[in-house]
Amino acid sequence: MKDKLLIYGCNGYTGTLISKLAVQKGLQPILSGRNEAAVKKLAEELQLPYVAFDLSNNAAVDIALKDVKVVLHCAGPFIYTSKPMIEACLRNRAHYLDITGEIPVFEGAHDHDAVAKSAGILVMPGVGFDVVPTDCMSLYLKEQLPDADKLELCLMNKGGRLSHGTAITIAESMGMGSAIRKNGKITETKSGYTTREIDFGFTKKVGAEIPWGDVSTAYYTTGIPNIRVYNVLPKQLISSMKLSNYIGPILRMRWVKDRAIAKIKARPAGPDDKERAEAQSYVWGEVTNKSGAATRAVLTLPEGYSLTADTAVEIAKRVLDAGFSATGFHTPASVFGSAFIRQFDGVSLKNL
């Protein structure tokens, strides 16, 4: 009987948080990843079964997924790892979840919609921060203004810092510019040139447009054809983003990215327990319709990595349930609703 949860990339920073929380929530996942020594060490600490395999080895992957009902994929950069894992889940009829935030990954996952439905499995990338809260926010605002044709989102973080995985994903996208959804199509834009002052209700900050996953996911959740996503960033970083438009070919060189990644790996793996406990995140959202009517709201949230563990484990538990029936490509809010994010500790919604 296929009834097991497998966490791949369990030994990464976020994968470890997720694995430990899964045990606290009463789950007994199979821990997995490429590095057998690291996977075994965590499995012994948590007293869990484990299996190590590389995604390029189809035979080993298929053996590992034989009795698995749900794969929670935590090994990025997902632009390289998501496709082989999705294809493995399709072969073995296992539901696929991941914690990506990358537009190409969402679009690629959406391309598997029909075959996933045929196989009777769910393909749901983005079950962590920021996609779960922004997806819920997008649907909430759409419900308030059903004829909205424009959606804008903005992220703001207080405290905390990036994990190795997140920072490496950003490094891999250096020199690639930004992206928006325009008239239903994903459109490339210059990096750092579009900014907006955002009123969070308690402070005003300048957000710079970023090519975040919501440009993909919010469209599939709401059908809104025009979407921009901003992030509150230091002025110096915004200036660097503008410069990247002119030196993009250099930034895209493999040796430049490898040098940046080496520096990332030399830093601590991510925020410690104290930093996560003290940090906070915010998601602002606004929808407007063609007549100019607008609705705005802000979500107050815990630190992003802690929230990712919360949402990923909860979604995995729900998909493991015998009564779960959704198949094909889905975003989190399209299955679990706009209020899903508000069940977690430290989350509150305020209309502006």
# chains A, B, ... in the order shown; residues from 1 in each chain; ligands from 1
>>> closest_atom_pairs(of="stretch 81-134 of chain A", to="stretch 269-291 of chain A", cutoff="10 Å", atoms="only C-alpha atoms", output="tab-separated table")
residue	atom	partner	partner_atom	distance
A:Phe129	CA	A:Ser281	CA	9.7
A:Asp130	CA	A:Val283	CA	8.6
A:Pro133	CA	A:Val283	CA	7.3
A:Thr134	CA	A:Val283	CA	6.6
>>> residues_around(residues="stretch 331-341 of chain A", least_positions_apart="4", cutoff="9 Å", atoms="only C-alpha atoms", output="list in words")
Val123, Met124, Pro125, Gly126, Val127, Val131, Val132, Pro133, Asp135, Cys136, Met137, Ser138, Leu139, Tyr140, Leu141, Glu143, Thr217, Ala218, Tyr220, Thr221, Thr222, Thr311, Ile315, Ala326, Val347 and Ser348 of chain A
>>> write_last_selection(atoms="C-alpha atoms", output="tab-separated table (two decimals), in the first residue's frame")
chain	number	residue	atom	x	y	z
A	123	VAL	CA	1.64	18.30	-8.78
A	124	MET	CA	1.87	21.24	-6.36
A	125	PRO	CA	5.12	23.22	-6.33
A	126	GLY	CA	5.56	26.11	-3.90
A	127	VAL	CA	4.19	24.77	-0.60
A	131	VAL	CA	4.06	31.23	-2.31
A	132	VAL	CA	1.57	29.91	0.27
A	133	PRO	CA	0.87	33.31	1.90
A	135	ASP	CA	-1.24	32.72	-3.08
A	136	CYS	CA	-3.77	32.92	-0.25
A	137	MET	CA	-3.57	36.72	-0.33
A	138	SER	CA	-4.14	36.78	-4.09
A	139	LEU	CA	-7.24	34.60	-3.85
A	140	TYR	CA	-8.56	36.57	-0.86
A	141	LEU	CA	-8.29	39.85	-2.77
A	143	GLU	CA	-12.80	37.17	-3.69
A	217	THR	CA	1.08	30.97	-9.48
A	218	ALA	CA	-1.28	33.89	-8.79
A	220	TYR	CA	-3.43	30.12	-12.16
A	221	THR	CA	-5.13	30.73	-8.80
A	222	THR	CA	-7.09	33.87	-9.69
A	311	THR	CA	2.91	25.08	5.64
A	315	ILE	CA	0.04	20.34	3.22
A	326	ALA	CA	-7.15	16.64	-6.10
A	347	VAL	CA	-0.39	35.01	11.06
A	348	SER	CA	-2.93	37.82	10.87
>>> residues_around(residues="stretch 198-212 of chain A", least_positions_apart="6", cutoff="6 Å", atoms="only C-alpha atoms", output="PyMOL selection string")
chain A and resi 178-179+192+229-232
>>> closest_residue(among="A:Asp345, A:Asp111, A:Asp147, A:Glu36", to="A:Ala52", atoms="only C-alpha atoms")
A:Glu36
>>> residues_around(residues="A:Ser325", least_positions_apart="4", cutoff="9 Å", atoms="only C-alpha atoms", output="list in words")
Gly120, Ile121, Leu122 and Val319 of chain A
>>> write_last_selection(atoms="C-alpha atoms", output="PDB file, in the first residue's frame")
ATOM      1  CA  GLY A 120      -4.119  10.422 -10.663  1.00  0.00           C
ATOM      2  CA  ILE A 121      -1.488  12.474  -8.857  1.00  0.00           C
ATOM      3  CA  LEU A 122      -1.169  16.023  -7.568  1.00  0.00           C
ATOM      4  CA  VAL A 319      -2.314  15.119   0.858  1.00  0.00           C
TER       5      VAL A 319
END
>>> closest_residue(among="A:Ile99, A:Leu145, A:Leu55, A:Val105", to="A:Ala312", atoms="only C-alpha atoms")
A:Ile99
>>> select_by_dssp(residues="stretch 88-246 of chain A", states="strand (DSSP E or B)", output="NGL selection string")
:A and (95-98 or 122-124 or 150-158 or 178-182 or 185-189 or 195-199 or 204-209 or 226-232)
>>> residues_around(residues="A:Ile86", least_positions_apart="2", cutoff="8 Å", atoms="only C-alpha atoms", output="number ranges by chain")
A: 82-84, 88-90, 96, 109, 123
>>> closest_residue(among="A:Cys10, A:Val51, A:Leu352, A:Met156", to="A:Ala64", atoms="only C-alpha atoms")
A:Val51
>>> select_by_dssp(residues="stretch 2-225 of chain A", states="helix (DSSP H, G or I)", output="MDAnalysis selection string")
chainID A and resid 13:24 36:46 58:64 78:92 103:110 113:119 131:144 164:172 214:222
>>> closest_residue(among="A:Thr327, A:Thr187, A:Thr100, A:Asn226", to="A:Tyr80", atoms="only C-alpha atoms")
A:Thr100
>>> closest_residue(among="A:Asp310, A:Ala119, A:Ser191, A:Ala75", to="A:Lys20", atoms="only C-alpha atoms")
A:Asp310
>>> atom_distance(atom1="atom CA of A:Thr16", atom2="atom CA of A:Pro302")
18.0 Å
>>> closest_residue(among="A:Ser32, A:Thr295, A:Phe344, A:Gly15", to="A:Leu307", atoms="only C-alpha atoms")
A:Phe344
>>> atom_distance(atom1="atom CA of A:Arg342", atom2="atom CA of A:Asp214")
18.6 Å
